[in-house]
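S.K.: Pasting a structure here, questions to come.
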Amino acid sequence: MKILIINGPNLGNIGKREIKIYGNDNFLVYLESLKSHFPEFEISYFQSHIEGEIISKLHESNNKIDGIVLNAGAFSHTSVAIRDAVAAIETPVVMLHISNVYAREKFRFTNIIAPVCKGIITGFGLNSYKLALESFKHL
Ligand code: DQA
């Protein structure tokens, strides 16, 4: 099963960014541990700060990838365009957040993309990625 992890804006420097919220584990190191934890999955990774690049990646992945794990970062709260791309493709998308967005500022309570995803995981630190990947075993 091919799984693509997409990280959106400001998620390229997890481990250095706002460590009180996102922790100090380097994402690329964590990614390697995810790959060993899920030998049954072929895991690829894409990160972009650019909305259009994320949209192109979603379309490119349609029917080529079996599942997408998406942390759209701040675009989760704003991007109708990414929502439309998720709705347009057949590949199931599980959304996640590292932090518990519902324990943070009110503007993070709105998630434009979540309604067109299979589900959403939020608040388990980097282990949100592990839980999102785990969910593909049950879809
Ligand atoms: C985030 C939560 C978003 O509100 C924020 O803009 C991010 C990271 C998370 O993983 O907790 O960039 O998606």
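We label chains A, B, ... in the order they appear in the structure tokens, count residues from 1 in each chain, and number ligands from 1 in the order shown.
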What are the nearest atom pairs, with distances in Å to one decimal, for all residues of chain A that come at most 6 Å from ligand 1, using only C-alpha atoms and all ligand atoms, set out by chain and rising residue number as JSON lines?

M.R.:
```
{"residue": "A:Asn10", "atom": "CA", "partner": "ligand 1", "partner_atom_place_in_ligand_line": "12 (O)", "distance": 5.7}
{"residue": "A:Asn71", "atom": "CA", "partner": "ligand 1", "partner_atom_place_in_ligand_line": "13 (O)", "distance": 5.5}
{"residue": "A:Ala72", "atom": "CA", "partner": "ligand 1", "partner_atom_place_in_ligand_line": "13 (O)", "distance": 5.9}
{"residue": "A:Gly73", "atom": "CA", "partner": "ligand 1", "partner_atom_place_in_ligand_line": "13 (O)", "distance": 3.3}
{"residue": "A:Ala74", "atom": "CA", "partner": "ligand 1", "partner_atom_place_in_ligand_line": "6 (O)", "distance": 3.3}
{"residue": "A:His97", "atom": "CA", "partner": "ligand 1", "partner_atom_place_in_ligand_line": "10 (O)", "distance": 3.4}
{"residue": "A:Ile98", "atom": "CA", "partner": "ligand 1", "partner_atom_place_in_ligand_line": "10 (O)", "distance": 3.7}
{"residue": "A:Ser99", "atom": "CA", "partner": "ligand 1", "partner_atom_place_in_ligand_line": "11 (O)", "distance": 3.6}
{"residue": "A:Val101", "atom": "CA", "partner": "ligand 1", "partner_atom_place_in_ligand_line": "4 (O)", "distance": 5.9}
{"residue": "A:Arg108", "atom": "CA", "partner": "ligand 1", "partner_atom_place_in_ligand_line": "4 (O)", "distance": 5.2}
```

S.K.: Please run DSSP on the backbone and report, as a PyMOL selection string, all residues within chain A that come out as strand (DSSP E).

M.R.: chain A and resi 2-7+42-47+67-71+93-97+119-122

S.K.: Out of A:Ser44, A:Asn100, A:Thr91, A:Asn26, which residue has the shortest atom-to-atom distance to A:Cys117 when counting only C-alpha atoms?

M.R.: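 Going through A:Ser44, A:Asn100, A:Thr91, A:Asn26 one by one, the smallest distance to A:Cys117 is for A:Thr91.
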
S.K.: So which residues of stretch 6-115 of chain A fall under alpha helix (DSSP H) by DSSP, listed as an MDAnalysis selection string?

M.R.: chainID A and resid 19:22 27:37 51:61 80:88

S.K.: Would you save the residues of that selection, restricted to N, CA, C and O atoms, as a short mmCIF file (atom, residue, chain, number, x, y, z; two decimals), in the first residue's frame?

M.R.:
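Here's the written file part-v8.cif:
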```cif
data_model
loop_
_atom_site.label_atom_id
_atom_site.label_comp_id
_atom_site.auth_asym_id
_atom_site.auth_seq_id
_atom_site.Cartn_x
_atom_site.Cartn_y
_atom_site.Cartn_z
N ILE A 19 8.70 25.09 19.79
CA ILE A 19 8.85 23.73 20.35
C ILE A 19 7.91 23.44 21.52
O ILE A 19 7.59 22.28 21.76
N LYS A 20 7.43 24.49 22.18
CA LYS A 20 6.47 24.23 23.28
C LYS A 20 5.18 23.63 22.73
O LYS A 20 4.47 22.91 23.42
N ILE A 21 4.86 23.98 21.48
CA ILE A 21 3.62 23.48 20.88
C ILE A 21 3.89 22.21 20.07
O ILE A 21 3.14 21.23 20.15
N TYR A 22 4.97 22.22 19.29
CA TYR A 22 5.17 21.13 18.32
C TYR A 22 6.26 20.13 18.74
O TYR A 22 6.48 19.15 18.03
N PHE A 27 11.30 16.25 12.27
CA PHE A 27 10.30 15.47 11.53
C PHE A 27 10.94 14.41 10.63
O PHE A 27 10.43 13.29 10.54
N LEU A 28 12.06 14.75 9.99
CA LEU A 28 12.65 13.79 9.05
C LEU A 28 13.19 12.55 9.77
O LEU A 28 13.13 11.44 9.25
N VAL A 29 13.68 12.76 11.00
CA VAL A 29 14.14 11.63 11.81
C VAL A 29 12.92 10.78 12.20
O VAL A 29 12.92 9.55 12.07
N TYR A 30 11.84 11.48 12.62
CA TYR A 30 10.60 10.77 12.98
C TYR A 30 10.05 9.97 11.78
O TYR A 30 9.58 8.84 11.93
N LEU A 31 10.16 10.58 10.60
CA LEU A 31 9.67 9.92 9.38
C LEU A 31 10.35 8.56 9.18
O LEU A 31 9.70 7.58 8.80
N GLU A 32 11.66 8.52 9.45
CA GLU A 32 12.39 7.25 9.30
C GLU A 32 11.83 6.21 10.27
O GLU A 32 11.68 5.04 9.92
N SER A 33 11.49 6.65 11.51
CA SER A 33 10.95 5.69 12.48
C SER A 33 9.56 5.23 12.04
O SER A 33 9.18 4.08 12.26
N LEU A 34 8.81 6.11 11.39
CA LEU A 34 7.49 5.71 10.87
C LEU A 34 7.65 4.63 9.81
O LEU A 34 6.89 3.66 9.76
N LYS A 35 8.66 4.83 8.94
CA LYS A 35 8.88 3.86 7.86
C LYS A 35 9.21 2.49 8.43
O LYS A 35 8.74 1.47 7.94
N SER A 36 10.03 2.46 9.53
CA SER A 36 10.33 1.15 10.12
C SER A 36 9.13 0.58 10.86
O SER A 36 8.97 -0.64 10.92
N HIS A 37 8.30 1.47 11.42
CA HIS A 37 7.13 0.98 12.17
C HIS A 37 6.07 0.36 11.24
O HIS A 37 5.30 -0.50 11.66
N GLU A 51 0.33 26.70 -1.63
CA GLU A 51 -1.00 26.09 -1.77
C GLU A 51 -1.14 25.33 -3.10
O GLU A 51 -1.57 24.18 -3.14
N GLY A 52 -0.75 25.99 -4.19
CA GLY A 52 -0.89 25.39 -5.53
C GLY A 52 -0.08 24.12 -5.67
O GLY A 52 -0.50 23.17 -6.36
N GLU A 53 1.10 24.07 -5.04
CA GLU A 53 1.92 22.85 -5.13
C GLU A 53 1.25 21.69 -4.40
O GLU A 53 1.31 20.55 -4.84
N ILE A 54 0.60 22.00 -3.29
CA ILE A 54 -0.11 20.94 -2.54
C ILE A 54 -1.29 20.44 -3.39
O ILE A 54 -1.54 19.23 -3.48
N ILE A 55 -1.98 21.36 -4.03
CA ILE A 55 -3.12 20.98 -4.89
C ILE A 55 -2.63 20.10 -6.04
O ILE A 55 -3.22 19.05 -6.33
N SER A 56 -1.54 20.50 -6.69
CA SER A 56 -1.00 19.69 -7.80
C SER A 56 -0.62 18.30 -7.31
O SER A 56 -0.87 17.29 -7.99
N LYS A 57 0.00 18.24 -6.14
CA LYS A 57 0.43 16.94 -5.59
C LYS A 57 -0.79 16.04 -5.32
O LYS A 57 -0.76 14.83 -5.60
N LEU A 58 -1.87 16.63 -4.81
CA LEU A 58 -3.08 15.84 -4.55
C LEU A 58 -3.62 15.26 -5.86
O LEU A 58 -3.92 14.07 -5.96
N HIS A 59 -3.69 16.10 -6.90
CA HIS A 59 -4.21 15.61 -8.20
C HIS A 59 -3.29 14.56 -8.81
O HIS A 59 -3.76 13.54 -9.31
N GLU A 60 -1.98 14.82 -8.75
CA GLU A 60 -0.99 13.85 -9.29
C GLU A 60 -1.12 12.48 -8.62
O GLU A 60 -0.85 11.46 -9.22
N SER A 61 -1.45 12.51 -7.32
CA SER A 61 -1.48 11.27 -6.53
C SER A 61 -2.73 10.46 -6.77
O SER A 61 -2.78 9.27 -6.41
N VAL A 80 -10.14 26.88 0.66
CA VAL A 80 -11.23 26.25 -0.09
C VAL A 80 -10.63 25.47 -1.26
O VAL A 80 -11.12 24.40 -1.64
N ALA A 81 -9.52 25.97 -1.82
CA ALA A 81 -8.91 25.33 -2.99
C ALA A 81 -8.35 23.94 -2.64
O ALA A 81 -8.52 22.99 -3.42
N ILE A 82 -7.71 23.80 -1.47
CA ILE A 82 -7.21 22.46 -1.09
C ILE A 82 -8.40 21.56 -0.77
O ILE A 82 -8.43 20.38 -1.14
N ARG A 83 -9.42 22.09 -0.14
CA ARG A 83 -10.63 21.29 0.14
C ARG A 83 -11.20 20.74 -1.17
O ARG A 83 -11.54 19.56 -1.29
N ASP A 84 -11.30 21.62 -2.20
CA ASP A 84 -11.87 21.18 -3.47
C ASP A 84 -11.01 20.09 -4.11
O ASP A 84 -11.53 19.16 -4.72
N ALA A 85 -9.68 20.20 -3.95
CA ALA A 85 -8.78 19.18 -4.51
C ALA A 85 -8.99 17.85 -3.79
O ALA A 85 -9.06 16.79 -4.42
N VAL A 86 -9.10 17.88 -2.47
CA VAL A 86 -9.33 16.65 -1.70
C VAL A 86 -10.65 16.02 -2.12
O VAL A 86 -10.76 14.80 -2.32
N ALA A 87 -11.67 16.88 -2.30
CA ALA A 87 -13.00 16.36 -2.69
C ALA A 87 -12.97 15.80 -4.10
O ALA A 87 -13.74 14.89 -4.43
N ALA A 88 -12.06 16.32 -4.94
CA ALA A 88 -12.04 15.92 -6.35
C ALA A 88 -11.36 14.58 -6.59
O ALA A 88 -11.56 13.96 -7.63
#
```

S.K.: Using only C-alpha atoms, which protein or nucleic acid residues come within 12 Å of A:Ser128? Drop anything in the same chain fewer than 2 positions from it, and give the result as an MDAnalysis selection string.

M.R.: chainID A and resid 5 22 30 34 69:71 94:100 120:126 130:135

S.K.: Leaving out A:Phe41 and any residue of its chain fewer than 6 positions from it, which residues lie within 8 Å of it when counting only C-alpha atoms, given as an mmCIF file with all heavy atoms, in the first residue's frame?

M.R.:
```
data_model
loop_
_atom_site.group_PDB
_atom_site.id
_atom_site.type_symbol
_atom_site.label_atom_id
_atom_site.label_comp_id
_atom_site.auth_asym_id
_atom_site.auth_seq_id
_atom_site.Cartn_x
_atom_site.Cartn_y
_atom_site.Cartn_z
ATOM 1 N N MET A 1 0.850 -1.197 0.000
ATOM 2 C CA MET A 1 0.000 0.000 0.000
ATOM 3 C C MET A 1 0.890 1.252 0.000
ATOM 4 O O MET A 1 1.788 1.377 0.838
ATOM 5 C CB MET A 1 -0.862 -0.028 1.277
ATOM 6 C CG MET A 1 -1.987 0.963 1.264
ATOM 7 S SD MET A 1 -3.021 0.725 2.758
ATOM 8 C CE MET A 1 -4.441 1.683 2.318
ATOM 9 N N LYS A 2 0.599 2.132 -0.954
ATOM 10 C CA LYS A 2 1.418 3.357 -1.049
ATOM 11 C C LYS A 2 0.742 4.493 -0.290
ATOM 12 O O LYS A 2 -0.428 4.815 -0.565
ATOM 13 C CB LYS A 2 1.553 3.775 -2.511
ATOM 14 C CG LYS A 2 2.418 2.866 -3.312
ATOM 15 C CD LYS A 2 2.591 3.418 -4.709
ATOM 16 C CE LYS A 2 3.428 2.445 -5.511
ATOM 17 N NZ LYS A 2 3.349 2.660 -6.929
ATOM 18 N N ILE A 3 1.487 5.071 0.645
ATOM 19 C CA ILE A 3 0.944 6.173 1.443
ATOM 20 C C ILE A 3 1.836 7.403 1.236
ATOM 21 O O ILE A 3 3.066 7.315 1.315
ATOM 22 C CB ILE A 3 0.944 5.840 2.958
ATOM 23 C CG1 ILE A 3 0.195 4.544 3.253
ATOM 24 C CG2 ILE A 3 0.394 7.019 3.764
ATOM 25 C CD1 ILE A 3 -1.301 4.624 3.287
ATOM 26 N N LYS A 35 8.656 4.835 8.943
ATOM 27 C CA LYS A 35 8.878 3.856 7.856
ATOM 28 C C LYS A 35 9.215 2.489 8.433
ATOM 29 O O LYS A 35 8.744 1.466 7.941
ATOM 30 C CB LYS A 35 9.984 4.340 6.914
ATOM 31 C CG LYS A 35 9.532 5.501 6.047
ATOM 32 C CD LYS A 35 10.648 5.972 5.116
ATOM 33 C CE LYS A 35 10.184 7.147 4.285
ATOM 34 N NZ LYS A 35 11.261 7.792 3.550
#
```

S.K.: Can you measure atom CA of A:Ile68 to atom CA of A:Leu139 for me? One decimal in Å is fine.

M.R.: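 So the two atoms, atom CA of A:Ile68 and atom CA of A:Leu139, lie 12.1 Å apart.
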
S.K.: How far is it from atom CA of A:Ser79 to atom CA of A:Pro92, in Å with one decimal?

M.R.: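 Result for atom CA of A:Ser79 versus atom CA of A:Pro92: 18.2 Å, one decimal.
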
S.K.: What is the atom CA of A:Arg17 to atom CA of A:His49 distance in Å?

M.R.: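 Straight-line distance from atom CA of A:Arg17 to atom CA of A:His49 works out to 14.5 Å.
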
S.K.: Ranking A:Val116, A:Asn13, A:Ala103, A:Glu90 by minimum distance to A:Ser48 and counting only C-alpha atoms, which one comes first?

M.R.: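 Going through A:Val116, A:Asn13, A:Ala103, A:Glu90 one by one, the smallest distance to A:Ser48 is for A:Asn13.
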